[in-house]
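J.: Input structure: coords.pdb, which contains PDB, C-alpha atoms and all ligand atoms.
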ATOM      1  CA  MET A   1    -108.006  85.299 199.521
ATOM      2  CA  GLN A   2    -108.975  82.860 202.301
ATOM      3  CA  ASN A   3    -106.977  83.282 205.505
ATOM      4  CA  ILE A   4    -106.159  80.705 208.189
ATOM      5  CA  LEU A   5    -104.639  80.772 211.691
ATOM      6  CA  ILE A   6    -102.933  77.605 212.967
ATOM      7  CA  THR A   7    -101.790  77.471 216.610
ATOM      8  CA  GLY A   8     -98.652  75.411 217.262
ATOM      9  CA  GLY A   9     -97.883  75.833 213.560
ATOM     10  CA  ASN A  10     -94.138  75.577 214.071
ATOM     11  CA  SER A  11     -94.111  71.779 214.533
ATOM     12  CA  GLY A  12     -95.681  68.451 213.545
ATOM     13  CA  ILE A  13     -99.327  68.454 212.425
ATOM     14  CA  GLY A  14     -99.601  72.256 212.662
ATOM     15  CA  TYR A  15     -96.545  72.742 210.458
ATOM     16  CA  ALA A  16     -97.814  70.263 207.840
ATOM     17  CA  THR A  17    -101.216  72.002 207.836
ATOM     18  CA  ALA A  18     -99.557  75.398 207.339
ATOM     19  CA  ALA A  19     -97.492  74.021 204.429
ATOM     20  CA  LEU A  20    -100.551  72.481 202.735
ATOM     21  CA  ALA A  21    -102.692  75.590 203.255
ATOM     22  CA  LYS A  22     -99.922  77.759 201.796
ATOM     23  CA  ALA A  23     -99.677  75.444 198.747
ATOM     24  CA  ARG A  24    -103.457  75.750 198.281
ATOM     25  CA  GLY A  25    -103.275  79.551 198.179
ATOM     26  CA  TYR A  26    -104.388  80.471 201.710
ATOM     27  CA  ASP A  27    -102.986  83.531 203.494
ATOM     28  CA  VAL A  28    -101.407  81.580 206.406
ATOM     29  CA  THR A  29    -100.585  82.735 209.947
ATOM     30  CA  ILE A  30     -98.990  80.379 212.453
ATOM     31  CA  SER A  31     -98.554  80.924 216.179
ATOM     32  CA  GLY A  32     -96.253  79.271 218.691
ATOM     33  CA  ARG A  33     -94.667  80.011 222.035
ATOM     34  CA  ASN A  34     -91.012  79.446 221.095
ATOM     35  CA  ARG A  35     -89.760  82.592 219.331
ATOM     36  CA  GLU A  36     -86.930  80.860 217.491
ATOM     37  CA  ALA A  37     -89.063  77.903 216.319
ATOM     38  CA  VAL A  38     -91.758  80.296 215.060
ATOM     39  CA  ALA A  39     -89.149  82.367 213.160
ATOM     40  CA  VAL A  40     -87.653  79.253 211.539
ATOM     41  CA  ALA A  41     -91.074  77.987 210.406
ATOM     42  CA  GLU A  42     -92.117  81.464 209.228
ATOM     43  CA  GLU A  43     -89.029  81.666 207.012
ATOM     44  CA  ALA A  44     -89.207  78.075 205.725
ATOM     45  CA  LEU A  45     -92.921  78.203 204.860
ATOM     46  CA  GLY A  46     -93.201  81.833 203.732
ATOM     47  CA  VAL A  47     -96.058  82.495 206.196
ATOM     48  CA  THR A  48     -96.707  85.033 208.966
ATOM     49  CA  GLY A  49     -95.549  83.973 212.432
ATOM     50  CA  ILE A  50     -96.865  85.350 215.735
ATOM     51  CA  VAL A  51     -95.349  84.385 219.085
ATOM     52  CA  ALA A  52     -98.203  83.575 221.474
ATOM     53  CA  ASP A  53     -98.410  81.280 224.487
ATOM     54  CA  MET A  54    -101.765  79.479 224.784
ATOM     55  CA  GLN A  55    -101.548  79.886 228.571
ATOM     56  CA  LYS A  56    -101.424  83.704 228.426
ATOM     57  CA  THR A  57    -104.639  85.696 227.994
ATOM     58  CA  ASP A  58    -102.801  88.804 226.755
ATOM     59  CA  ASP A  59    -101.071  86.761 224.035
ATOM     60  CA  LEU A  60    -104.410  85.339 222.888
ATOM     61  CA  LEU A  61    -105.993  88.814 222.795
ATOM     62  CA  ARG A  62    -103.057  90.046 220.675
ATOM     63  CA  LEU A  63    -103.389  87.027 218.360
ATOM     64  CA  ALA A  64    -107.119  87.626 217.863
ATOM     65  CA  ASP A  65    -106.542  91.346 217.340
ATOM     66  CA  ALA A  66    -104.493  90.561 214.208
ATOM     67  CA  PHE A  67    -107.783  89.517 212.514
ATOM     68  CA  ALA A  68    -110.150  92.129 213.982
ATOM     69  CA  SER A  69    -110.325  94.247 210.842
ATOM     70  CA  THR A  70    -109.797  91.582 208.149
ATOM     71  CA  GLY A  71    -111.960  88.812 209.569
ATOM     72  CA  LEU A  72    -110.882  85.147 209.607
ATOM     73  CA  ASN A  73    -111.916  82.184 207.428
ATOM     74  CA  ALA A  74    -110.333  79.344 209.382
ATOM     75  CA  LEU A  75    -108.882  78.629 212.832
ATOM     76  CA  VAL A  76    -107.034  75.406 213.699
ATOM     77  CA  ASN A  77    -106.742  74.967 217.471
ATOM     78  CA  ASN A  78    -103.784  72.596 217.270
ATOM     79  CA  ALA A  79    -101.287  73.597 220.005
ATOM     80  CA  ALA A  80    -101.321  71.264 223.005
ATOM     81  CA  VAL A  81     -99.184  69.710 225.688
ATOM     82  CA  ALA A  82     -98.957  65.949 226.155
ATOM     83  CA  LYS A  83     -97.157  64.044 228.874
ATOM     84  CA  PHE A  84     -97.613  60.499 230.102
ATOM     85  CA  MET A  85     -97.694  59.999 233.886
ATOM     86  CA  PRO A  86     -99.540  57.804 236.371
ATOM     87  CA  ILE A  87    -102.390  59.459 238.266
ATOM     88  CA  THR A  88    -100.397  59.144 241.492
ATOM     89  CA  ALA A  89     -97.827  61.562 240.031
ATOM     90  CA  HIS A  90    -100.218  64.366 238.993
ATOM     91  CA  THR A  91     -99.392  67.703 240.650
ATOM     92  CA  ASP A  92    -101.369  70.950 240.963
ATOM     93  CA  GLU A  93     -99.063  72.414 238.345
ATOM     94  CA  ASP A  94     -99.758  69.550 235.916
ATOM     95  CA  TYR A  95    -103.517  70.175 236.212
ATOM     96  CA  ASP A  96    -102.998  73.892 235.577
ATOM     97  CA  VAL A  97    -100.638  73.442 232.612
ATOM     98  CA  PHE A  98    -102.774  70.782 230.886
ATOM     99  CA  PHE A  99    -106.099  72.542 231.297
ATOM    100  CA  SER A 100    -104.862  76.070 230.600
ATOM    101  CA  THR A 101    -102.982  74.996 227.439
ATOM    102  CA  ASN A 102    -105.351  72.395 225.984
ATOM    103  CA  ILE A 103    -108.768  73.761 227.047
ATOM    104  CA  ARG A 104    -108.777  77.281 228.488
ATOM    105  CA  GLY A 105    -106.450  78.632 225.752
ATOM    106  CA  PRO A 106    -108.385  77.199 222.778
ATOM    107  CA  LEU A 107    -111.729  78.277 224.300
ATOM    108  CA  MET A 108    -110.512  81.823 224.979
ATOM    109  CA  LEU A 109    -109.033  82.100 221.494
ATOM    110  CA  ILE A 110    -112.393  81.092 220.013
ATOM    111  CA  GLN A 111    -114.127  83.601 222.304
ATOM    112  CA  PHE A 112    -111.852  86.435 221.158
ATOM    113  CA  LEU A 113    -112.096  85.417 217.472
ATOM    114  CA  VAL A 114    -115.895  85.056 217.209
ATOM    115  CA  PRO A 115    -116.361  88.548 215.668
ATOM    116  CA  ALA A 116    -113.577  87.942 213.097
ATOM    117  CA  LEU A 117    -114.909  84.473 212.218
ATOM    118  CA  ALA A 118    -118.480  85.780 211.923
ATOM    119  CA  GLN A 119    -117.304  88.411 209.396
ATOM    120  CA  ARG A 120    -116.279  85.628 206.973
ATOM    121  CA  SER A 121    -118.650  82.776 207.971
ATOM    122  CA  GLY A 122    -115.524  81.047 209.238
ATOM    123  CA  ALA A 123    -114.815  77.517 210.433
ATOM    124  CA  ILE A 124    -112.874  76.084 213.373
ATOM    125  CA  THR A 125    -111.148  72.717 213.581
ATOM    126  CA  ASN A 126    -110.021  71.646 217.048
ATOM    127  CA  ILE A 127    -107.393  68.886 217.226
ATOM    128  CA  SER A 128    -108.584  66.197 219.613
ATOM    129  CA  SER A 129    -107.131  62.676 220.016
ATOM    130  CA  ALA A 130    -108.012  59.005 219.567
ATOM    131  CA  VAL A 131    -107.238  58.619 223.284
ATOM    132  CA  THR A 132    -110.721  60.000 224.069
ATOM    133  CA  ASN A 133    -112.260  56.712 222.836
ATOM    134  CA  ASN A 134    -109.370  54.280 223.301
ATOM    135  CA  GLY A 135    -107.840  54.232 226.785
ATOM    136  CA  LEU A 136    -104.058  54.446 227.224
ATOM    137  CA  PRO A 137    -102.328  53.886 230.580
ATOM    138  CA  ASN A 138    -100.752  57.050 232.093
ATOM    139  CA  ALA A 139    -102.606  59.335 229.684
ATOM    140  CA  SER A 140    -105.596  60.234 231.892
ATOM    141  CA  LEU A 141    -104.863  63.966 232.265
ATOM    142  CA  TYR A 142    -104.153  64.427 228.556
ATOM    143  CA  ALA A 143    -107.259  62.346 227.692
ATOM    144  CA  ALA A 144    -109.381  64.454 230.069
ATOM    145  CA  THR A 145    -108.473  67.624 228.155
ATOM    146  CA  LYS A 146    -109.101  66.060 224.747
ATOM    147  CA  GLY A 147    -112.446  64.582 225.843
ATOM    148  CA  ALA A 148    -113.429  68.060 227.065
ATOM    149  CA  MET A 149    -112.487  69.437 223.661
ATOM    150  CA  ASP A 150    -114.841  67.004 221.857
ATOM    151  CA  GLY A 151    -117.560  68.067 224.315
ATOM    152  CA  PHE A 152    -117.187  71.834 224.030
ATOM    153  CA  SER A 153    -116.946  71.553 220.231
ATOM    154  CA  ARG A 154    -120.397  69.954 219.949
ATOM    155  CA  SER A 155    -121.979  72.631 222.147
ATOM    156  CA  LEU A 156    -120.253  75.509 220.375
ATOM    157  CA  ALA A 157    -121.182  74.093 216.963
ATOM    158  CA  VAL A 158    -124.817  74.607 217.928
ATOM    159  CA  GLU A 159    -124.231  77.919 219.739
ATOM    160  CA  LEU A 160    -122.256  79.539 216.913
ATOM    161  CA  ALA A 161    -124.252  78.174 213.957
ATOM    162  CA  PRO A 162    -126.614  81.198 213.899
ATOM    163  CA  GLN A 163    -123.550  83.390 213.277
ATOM    164  CA  GLY A 164    -122.528  81.194 210.320
ATOM    165  CA  ILE A 165    -119.512  79.750 212.180
ATOM    166  CA  ARG A 166    -118.837  75.984 211.918
ATOM    167  CA  MET A 167    -116.969  74.003 214.591
ATOM    168  CA  ASN A 168    -115.553  70.476 214.289
ATOM    169  CA  CYS A 169    -112.798  68.240 215.617
ATOM    170  CA  VAL A 170    -110.163  66.132 213.908
ATOM    171  CA  SER A 171    -109.102  63.229 216.111
ATOM    172  CA  PRO A 172    -105.699  61.785 215.173
ATOM    173  CA  GLY A 173    -104.386  58.387 216.266
ATOM    174  CA  ALA A 174    -100.641  57.669 216.377
ATOM    175  CA  ILE A 175     -98.963  60.232 214.125
ATOM    176  CA  ASP A 176     -95.236  60.501 213.549
ATOM    177  CA  THR A 177     -94.386  63.956 215.016
ATOM    178  CA  PRO A 178     -91.982  65.391 217.621
ATOM    179  CA  LEU A 179     -94.776  64.963 220.227
ATOM    180  CA  ILE A 180     -93.669  61.497 221.303
ATOM    181  CA  SER A 181     -90.285  62.869 222.419
ATOM    182  CA  LYS A 182     -92.117  65.356 224.712
ATOM    183  CA  LEU A 183     -94.071  62.708 226.654
ATOM    184  CA  GLY A 184     -91.466  62.404 229.409
ATOM    185  CA  LEU A 185     -90.545  58.831 228.425
ATOM    186  CA  SER A 186     -87.126  57.173 228.129
ATOM    187  CA  GLU A 187     -85.950  55.931 224.684
ATOM    188  CA  GLU A 188     -86.816  52.405 225.790
ATOM    189  CA  GLN A 189     -90.334  53.402 226.831
ATOM    190  CA  ILE A 190     -90.835  55.296 223.562
ATOM    191  CA  GLU A 191     -89.898  52.174 221.604
ATOM    192  CA  ALA A 192     -92.320  50.097 223.692
ATOM    193  CA  VAL A 193     -95.166  52.605 223.098
ATOM    194  CA  ARG A 194     -94.381  52.678 219.364
ATOM    195  CA  ALA A 195     -94.342  48.875 219.136
ATOM    196  CA  HIS A 196     -97.613  48.567 221.089
ATOM    197  CA  GLN A 197     -99.354  51.209 218.979
ATOM    198  CA  LYS A 198     -98.110  49.782 215.699
ATOM    199  CA  ALA A 199     -99.343  46.316 216.641
ATOM    200  CA  THR A 200    -102.831  47.619 217.431
ATOM    201  CA  ILE A 201    -103.377  49.908 214.426
ATOM    202  CA  PRO A 202    -105.479  48.109 211.763
ATOM    203  CA  LEU A 203    -103.523  49.796 208.941
ATOM    204  CA  GLY A 204    -100.292  48.615 210.638
ATOM    205  CA  ARG A 205     -98.382  51.898 210.665
ATOM    206  CA  PHE A 206     -98.214  55.382 212.166
ATOM    207  CA  GLY A 207     -99.846  58.206 210.210
ATOM    208  CA  THR A 208     -97.951  61.191 208.821
ATOM    209  CA  PRO A 209     -98.621  64.841 209.735
ATOM    210  CA  GLU A 210     -99.399  65.472 206.052
ATOM    211  CA  GLU A 211    -102.171  62.847 206.107
ATOM    212  CA  VAL A 212    -103.788  64.663 209.045
ATOM    213  CA  ALA A 213    -103.310  68.061 207.361
ATOM    214  CA  HIS A 214    -105.358  66.913 204.332
ATOM    215  CA  VAL A 215    -108.255  65.967 206.616
ATOM    216  CA  ILE A 216    -108.061  69.259 208.550
ATOM    217  CA  LEU A 217    -108.332  71.323 205.369
ATOM    218  CA  ALA A 218    -111.085  69.060 203.982
ATOM    219  CA  GLN A 219    -113.053  69.570 207.201
ATOM    220  CA  LEU A 220    -112.582  73.333 207.194
ATOM    221  CA  GLU A 221    -113.847  73.441 203.607
ATOM    222  CA  ALA A 222    -116.814  71.073 204.154
ATOM    223  CA  LYS A 223    -119.560  73.681 204.267
ATOM    224  CA  TYR A 224    -122.386  71.420 205.532
ATOM    225  CA  VAL A 225    -120.385  69.793 208.363
ATOM    226  CA  THR A 226    -120.529  71.102 211.931
ATOM    227  CA  GLY A 227    -120.381  69.443 215.357
ATOM    228  CA  ALA A 228    -118.494  66.450 213.929
ATOM    229  CA  VAL A 229    -115.421  64.518 215.065
ATOM    230  CA  TRP A 230    -113.426  63.024 212.167
ATOM    231  CA  HIS A 231    -111.049  60.189 213.063
ATOM    232  CA  VAL A 232    -107.656  59.982 211.324
ATOM    233  CA  ASP A 233    -106.218  56.962 213.080
ATOM    234  CA  GLY A 234    -105.581  54.041 210.705
ATOM    235  CA  GLY A 235    -108.780  52.360 211.937
ATOM    236  CA  VAL A 236    -108.115  52.421 215.707
ATOM    237  CA  ASP A 237    -111.538  53.912 216.493
ATOM    238  CA  SER A 238    -113.245  50.969 214.798
ATOM    239  CA  ILE A 239    -111.703  48.267 216.994
TER     240      ILE A 239
HETATM  241  N1  LIG A 301     -98.767  63.068 217.291
HETATM  242  C1  LIG A 301     -99.772  62.310 217.676
HETATM  243  O1  LIG A 301     -99.671  61.076 217.708
HETATM  244  C2  LIG A 301    -101.072  62.937 218.096
HETATM  245  C3  LIG A 301    -102.156  62.088 218.350
HETATM  246  C4  LIG A 301    -103.372  62.633 218.733
HETATM  247  C5  LIG A 301    -103.521  64.004 218.848
HETATM  248  N2  LIG A 301    -102.450  64.818 218.607
HETATM  249  C6  LIG A 301    -102.665  66.261 218.747
HETATM  250  O2  LIG A 301    -102.207  66.920 217.584
HETATM  251  C7  LIG A 301    -101.830  68.264 217.911
HETATM  252  C8  LIG A 301    -100.453  68.563 217.351
HETATM  253  O3  LIG A 301     -99.509  67.708 217.963
HETATM  254  P1  LIG A 301     -98.185  67.212 217.216
HETATM  255  O4  LIG A 301     -98.196  65.743 217.272
HETATM  256  O5  LIG A 301     -98.033  67.912 215.934
HETATM  257  O6  LIG A 301     -97.098  67.676 218.303
HETATM  258  P2  LIG A 301     -95.932  68.771 218.278
HETATM  259  O7  LIG A 301     -95.106  68.593 217.063
HETATM  260  O8  LIG A 301     -95.302  68.676 219.604
HETATM  261  O9  LIG A 301     -96.743  70.146 218.160
HETATM  262  C9  LIG A 301     -97.416  70.715 219.260
HETATM  263  C10 LIG A 301     -97.334  72.209 219.123
HETATM  264  O10 LIG A 301     -98.038  72.842 220.205
HETATM  265  C11 LIG A 301     -97.201  73.875 220.714
HETATM  266  N3  LIG A 301     -97.507  74.255 222.088
HETATM  267  C12 LIG A 301     -97.473  73.492 223.198
HETATM  268  N4  LIG A 301     -97.766  74.244 224.271
HETATM  269  C13 LIG A 301     -97.989  75.511 223.828
HETATM  270  C14 LIG A 301     -98.337  76.737 224.442
HETATM  271  N5  LIG A 301     -98.502  76.854 225.774
HETATM  272  N6  LIG A 301     -98.491  77.827 223.661
HETATM  273  C15 LIG A 301     -98.315  77.771 222.332
HETATM  274  N7  LIG A 301     -97.966  76.635 221.674
HETATM  275  C16 LIG A 301     -97.816  75.526 222.428
HETATM  276  C17 LIG A 301     -95.817  73.277 220.601
HETATM  277  O11 LIG A 301     -94.839  74.264 220.789
HETATM  278  P3  LIG A 301     -93.424  73.903 221.468
HETATM  279  O12 LIG A 301     -92.611  73.399 220.334
HETATM  280  O13 LIG A 301     -92.969  75.222 222.007
HETATM  281  O14 LIG A 301     -93.678  72.878 222.541
HETATM  282  C18 LIG A 301     -95.882  72.705 219.188
HETATM  283  O15 LIG A 301     -95.709  73.732 218.238
HETATM  284  C19 LIG A 301    -101.929  68.370 219.435
HETATM  285  O16 LIG A 301    -103.174  68.948 219.771
HETATM  286  C20 LIG A 301    -101.896  66.915 219.884
HETATM  287  O17 LIG A 301    -102.529  66.728 221.127
HETATM  288  C21 LIG A 301    -101.231  64.323 218.230
END
Re-express the file's structure as structure tokens.
Ligand SMILES: NC(=O)c1ccc[n+]([C@@H]2O[C@H](COP(=O)([O-])OP(=O)(O)OC[C@H]3O[C@@H](n4cnc5c(N)ncnc54)[C@H](OP(=O)(O)O)[C@@H]3O)[C@@H](O)[C@H]2O)c1
T.:
Amino acid sequence: MQNILITGGNSGIGYATAALAKARGYDVTISGRNREAVAVAEEALGVTGIVADMQKTDDLLRLADAFASTGLNALVNNAAVAKFMPITAHTDEDYDVFFSTNIRGPLMLIQFLVPALAQRSGAITNISSAVTNNGLPNASLYAATKGAMDGFSRSLAVELAPQGIRMNCVSPGAIDTPLISKLGLSEEQIEAVRAHQKATIPLGRFGTPEEVAHVILAQLEAKYVTGAVWHVDGGVDSI
């Protein structure tokens, strides 16, 4: 049986990916930092849940250790923080939280999982963002981490290919998930962002987490694809 680990699998795109992978017969493990949210998702989806904070090295070592003897077919580096703020408001703590969660954590998890992934010629999909190619005001710190993710993925695709490990990114546009409520915006600002995004998406609507999940699994299963960034954004990247 193919196995898959999805970080941030208790919510949004990660949750939808876990549900689809389970329906397709994968042995699914999700991780998340909120114990209660992980337990709820574990129960609802019938998957294995592991509490692990992407900012904590010990948690990532423990997560990787769960696959040391079995090996791992697929890793989805999905967990991330997002917050909109002007550059004048960035603090030292913001830099630390964004880069340790969105870049250091995913990179370390890959580092610790290389032996398990090599055992099964595994594949990694990192979840990037359309913001890397399409600027958004107040999103510079978030965009910096996602741009870095596209960059490290191309290099690691080449570095890990000799071990039979593939590495790609899926880059979503505006997707209807709980993320927007975590951006630090008022209800009014959220409505304005939604209206602006909707007006600029060629397909004229937000995407669903399930639509992204289908692309993630397709990418993980595409055996001759590595070093690629697949856009799931209703056409935004083509404007
Ligand atoms: N929704 C969009 O429009 C959109 C667009 C482009 C890219 N993306 C990307 O898609 C991915 C999934 O986002 P989503 O929209 O599904 O948002 P979401 O529902 O908020 O899911 C994000 C997940 O990451 C987890 N997480 C955050 N910090 C963590 C940490 N330190 N340790 C462990 N888990 C942590 C969250 O846990 P908590 O519940 O504990 O916070 C949550 O489970 C992210 O990489 C995001 O950047 C989303």
J.: Rounded to one decimal place, report the CA of Val193 in chain A-CA of Gln55 in chain A distance in Å.
T.: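 Separation of CA of Val193 in chain A and CA of Gln55 in chain A: 28.5 Å.
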J.: So which residues get picked by the PyMOL selection byres (((not hetatm)) within 6 of (chain A and resi 301)) here, written as a ChimeraX atom specification?
T.: /A:8-14,32-34,52-55,78-81,101,127-130,172-179
J.: So the first atom is CA of Leu107 in chain A and the second is CA of Glu210 in chain A; what is the distance between them in Å, to one decimal place?
T.: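 Here the two named atoms are 25.5 Å from each other.
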J.: Which one of A:Leu220, A:Ala66, A:Ile30, A:Val215 sits closest to Thr48 in chain A if you count all atoms listed in the file?
T.: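 Of A:Leu220, A:Ala66, A:Ile30, A:Val215, the one nearest Thr48 in chain A, counting all atoms listed in the file, is A:Ile30.
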J.: Residues near Thr70 in chain A, anyone? I mean within 12 Å using all atoms listed in the file, not counting same-chain ones fewer than 2 positions away, as a list in words.
T.: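 The residues satisfying every condition are Met1, Gln2, Asn3, Ile4, Asp27, Ala64, Asp65, Ala66, Phe67, Ala68, Leu72, Asn73, Leu113, Pro115, Ala116, Leu117, Ala118, Gln119 and Arg120 of chain A.
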J.: Generate the output file for the selected residues, C-alpha atoms, as a PDB file, keeping the file's coordinate frame.
T.:
ATOM      1  CA  MET A   1    -108.006  85.299 199.521  1.00  0.00           C
ATOM      2  CA  GLN A   2    -108.975  82.860 202.301  1.00  0.00           C
ATOM      3  CA  ASN A   3    -106.977  83.282 205.505  1.00  0.00           C
ATOM      4  CA  ILE A   4    -106.159  80.705 208.189  1.00  0.00           C
ATOM      5  CA  ASP A  27    -102.986  83.531 203.494  1.00  0.00           C
ATOM      6  CA  ALA A  64    -107.119  87.626 217.863  1.00  0.00           C
ATOM      7  CA  ASP A  65    -106.542  91.346 217.340  1.00  0.00           C
ATOM      8  CA  ALA A  66    -104.493  90.561 214.208  1.00  0.00           C
ATOM      9  CA  PHE A  67    -107.783  89.517 212.514  1.00  0.00           C
ATOM     10  CA  ALA A  68    -110.150  92.129 213.982  1.00  0.00           C
ATOM     11  CA  LEU A  72    -110.882  85.147 209.607  1.00  0.00           C
ATOM     12  CA  ASN A  73    -111.916  82.184 207.428  1.00  0.00           C
ATOM     13  CA  LEU A 113    -112.096  85.417 217.472  1.00  0.00           C
ATOM     14  CA  PRO A 115    -116.361  88.548 215.668  1.00  0.00           C
ATOM     15  CA  ALA A 116    -113.577  87.942 213.097  1.00  0.00           C
ATOM     16  CA  LEU A 117    -114.909  84.473 212.218  1.00  0.00           C
ATOM     17  CA  ALA A 118    -118.480  85.780 211.923  1.00  0.00           C
ATOM     18  CA  GLN A 119    -117.304  88.411 209.396  1.00  0.00           C
ATOM     19  CA  ARG A 120    -116.279  85.628 206.973  1.00  0.00           C
TER      20      ARG A 120
END
J.: In Å, with one decimal, what is the gap from CA of Ser121 in chain A to CA of Ile165 in chain A?
T.: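 So the answer is 5.3 Å.
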J.: Calculated over all atoms listed in the file, which of the candidates A:Ile50, A:Leu5, A:Ala18, A:Ala23 has the smallest distance to Pro209 in chain A?
T.: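 Among the listed residues, the smallest separation from Pro209 in chain A belongs to A:Ala18.
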J.: With distances taken over only C-alpha atoms, which of A:Ile201, A:Ile110, A:Leu136, A:Leu183 is nearest to Leu160 in chain A?
T.: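 Of A:Ile201, A:Ile110, A:Leu136, A:Leu183, the one nearest Leu160 in chain A, counting only C-alpha atoms, is A:Ile110.
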J.: Give the centre and edge lengths of an axis-aligned box, in Å to one decimal, that holds all listed atoms of range 208-216 of chain A with 6 Å on each side, as lines of an AutoDock Vina configuration file.
T.:
center_x = -103.1
center_y = 65.2
center_z = 207.0
size_x = 22.3
size_y = 20.1
size_z = 17.4
J.: Just the residues within 7 Å of range 226-236 of chain A, please, counting all atoms listed in the file, with nothing from its chain fewer than 4 positions along; format it as an mmCIF file with C-alpha atoms, in the frame of the given file.
T.:
data_model
loop_
_atom_site.group_PDB
_atom_site.id
_atom_site.type_symbol
_atom_site.label_atom_id
_atom_site.label_comp_id
_atom_site.auth_asym_id
_atom_site.auth_seq_id
_atom_site.Cartn_x
_atom_site.Cartn_y
_atom_site.Cartn_z
ATOM 1 C CA SER A 153 -116.946 71.553 220.231
ATOM 2 C CA ARG A 154 -120.397 69.954 219.949
ATOM 3 C CA ALA A 157 -121.182 74.093 216.963
ATOM 4 C CA ARG A 166 -118.837 75.984 211.918
ATOM 5 C CA MET A 167 -116.969 74.003 214.591
ATOM 6 C CA ASN A 168 -115.553 70.476 214.289
ATOM 7 C CA CYS A 169 -112.798 68.240 215.617
ATOM 8 C CA VAL A 170 -110.163 66.132 213.908
ATOM 9 C CA SER A 171 -109.102 63.229 216.111
ATOM 10 C CA PRO A 172 -105.699 61.785 215.173
ATOM 11 C CA GLY A 173 -104.386 58.387 216.266
ATOM 12 C CA ALA A 174 -100.641 57.669 216.377
ATOM 13 C CA ILE A 201 -103.377 49.908 214.426
ATOM 14 C CA PRO A 202 -105.479 48.109 211.763
ATOM 15 C CA LEU A 203 -103.523 49.796 208.941
ATOM 16 C CA VAL A 212 -103.788 64.663 209.045
#
J.: Could you tell me which residues the PyMOL selection byres (((chain A and resi 42) around 10) and not hetatm) grabs in this file, written as a list in words?
T.: Gly9, Asn10, Tyr15, Ala18, Val28, Thr29, Ile30, Ser31, Glu36, Ala37, Val38, Ala39, Val40, Ala41, Glu43, Ala44, Leu45, Gly46, Val47, Thr48, Gly49 and Ile50 of chain A
J.: Find, counting only C-alpha atoms, the residue in A:Ala161, A:Thr91, A:Thr17, A:Arg62 that gets nearest to Tyr224 in chain A.
T.: A:Ala161
J.: For the provided coordinates, the residues matched by the PyMOL selection byres (((chain A and resi 83) around 12) and not hetatm) should be stated as a list in words.
T.: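 Residues picked by the PyMOL selection byres (((chain A and resi 83) around 12) and not hetatm): Ala80, Val81, Ala82, Phe84, Met85, Pro86, Ile87, Ala89, His90, Asp94, Tyr95, Val97, Phe98, Leu136, Pro137, Asn138, Ala139, Ser140, Leu141, Tyr142, Ala143, Thr145, Leu179, Ile180, Ser181, Lys182, Leu183, Gly184 and Leu185 of chain A.
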J.: Kindly export the residues of the current selection with C-alpha atoms, as a PDB file, in the coordinates of the input.
T.:
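The new file out_13.pdb reads:
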ATOM      1  CA  ALA A  80    -101.321  71.264 223.005  1.00  0.00           C
ATOM      2  CA  VAL A  81     -99.184  69.710 225.688  1.00  0.00           C
ATOM      3  CA  ALA A  82     -98.957  65.949 226.155  1.00  0.00           C
ATOM      4  CA  PHE A  84     -97.613  60.499 230.102  1.00  0.00           C
ATOM      5  CA  MET A  85     -97.694  59.999 233.886  1.00  0.00           C
ATOM      6  CA  PRO A  86     -99.540  57.804 236.371  1.00  0.00           C
ATOM      7  CA  ILE A  87    -102.390  59.459 238.266  1.00  0.00           C
ATOM      8  CA  ALA A  89     -97.827  61.562 240.031  1.00  0.00           C
ATOM      9  CA  HIS A  90    -100.218  64.366 238.993  1.00  0.00           C
ATOM     10  CA  ASP A  94     -99.758  69.550 235.916  1.00  0.00           C
ATOM     11  CA  TYR A  95    -103.517  70.175 236.212  1.00  0.00           C
ATOM     12  CA  VAL A  97    -100.638  73.442 232.612  1.00  0.00           C
ATOM     13  CA  PHE A  98    -102.774  70.782 230.886  1.00  0.00           C
ATOM     14  CA  LEU A 136    -104.058  54.446 227.224  1.00  0.00           C
ATOM     15  CA  PRO A 137    -102.328  53.886 230.580  1.00  0.00           C
ATOM     16  CA  ASN A 138    -100.752  57.050 232.093  1.00  0.00           C
ATOM     17  CA  ALA A 139    -102.606  59.335 229.684  1.00  0.00           C
ATOM     18  CA  SER A 140    -105.596  60.234 231.892  1.00  0.00           C
ATOM     19  CA  LEU A 141    -104.863  63.966 232.265  1.00  0.00           C
ATOM     20  CA  TYR A 142    -104.153  64.427 228.556  1.00  0.00           C
ATOM     21  CA  ALA A 143    -107.259  62.346 227.692  1.00  0.00           C
ATOM     22  CA  THR A 145    -108.473  67.624 228.155  1.00  0.00           C
ATOM     23  CA  LEU A 179     -94.776  64.963 220.227  1.00  0.00           C
ATOM     24  CA  ILE A 180     -93.669  61.497 221.303  1.00  0.00           C
ATOM     25  CA  SER A 181     -90.285  62.869 222.419  1.00  0.00           C
ATOM     26  CA  LYS A 182     -92.117  65.356 224.712  1.00  0.00           C
ATOM     27  CA  LEU A 183     -94.071  62.708 226.654  1.00  0.00           C
ATOM     28  CA  GLY A 184     -91.466  62.404 229.409  1.00  0.00           C
ATOM     29  CA  LEU A 185     -90.545  58.831 228.425  1.00  0.00           C
TER      30      LEU A 185
END
J.: Using all atoms listed in the file, which residue out of A:Glu211, A:Leu60, A:Gln219, A:Met149 lies closest to Phe112 in chain A?
T.: A:Leu60
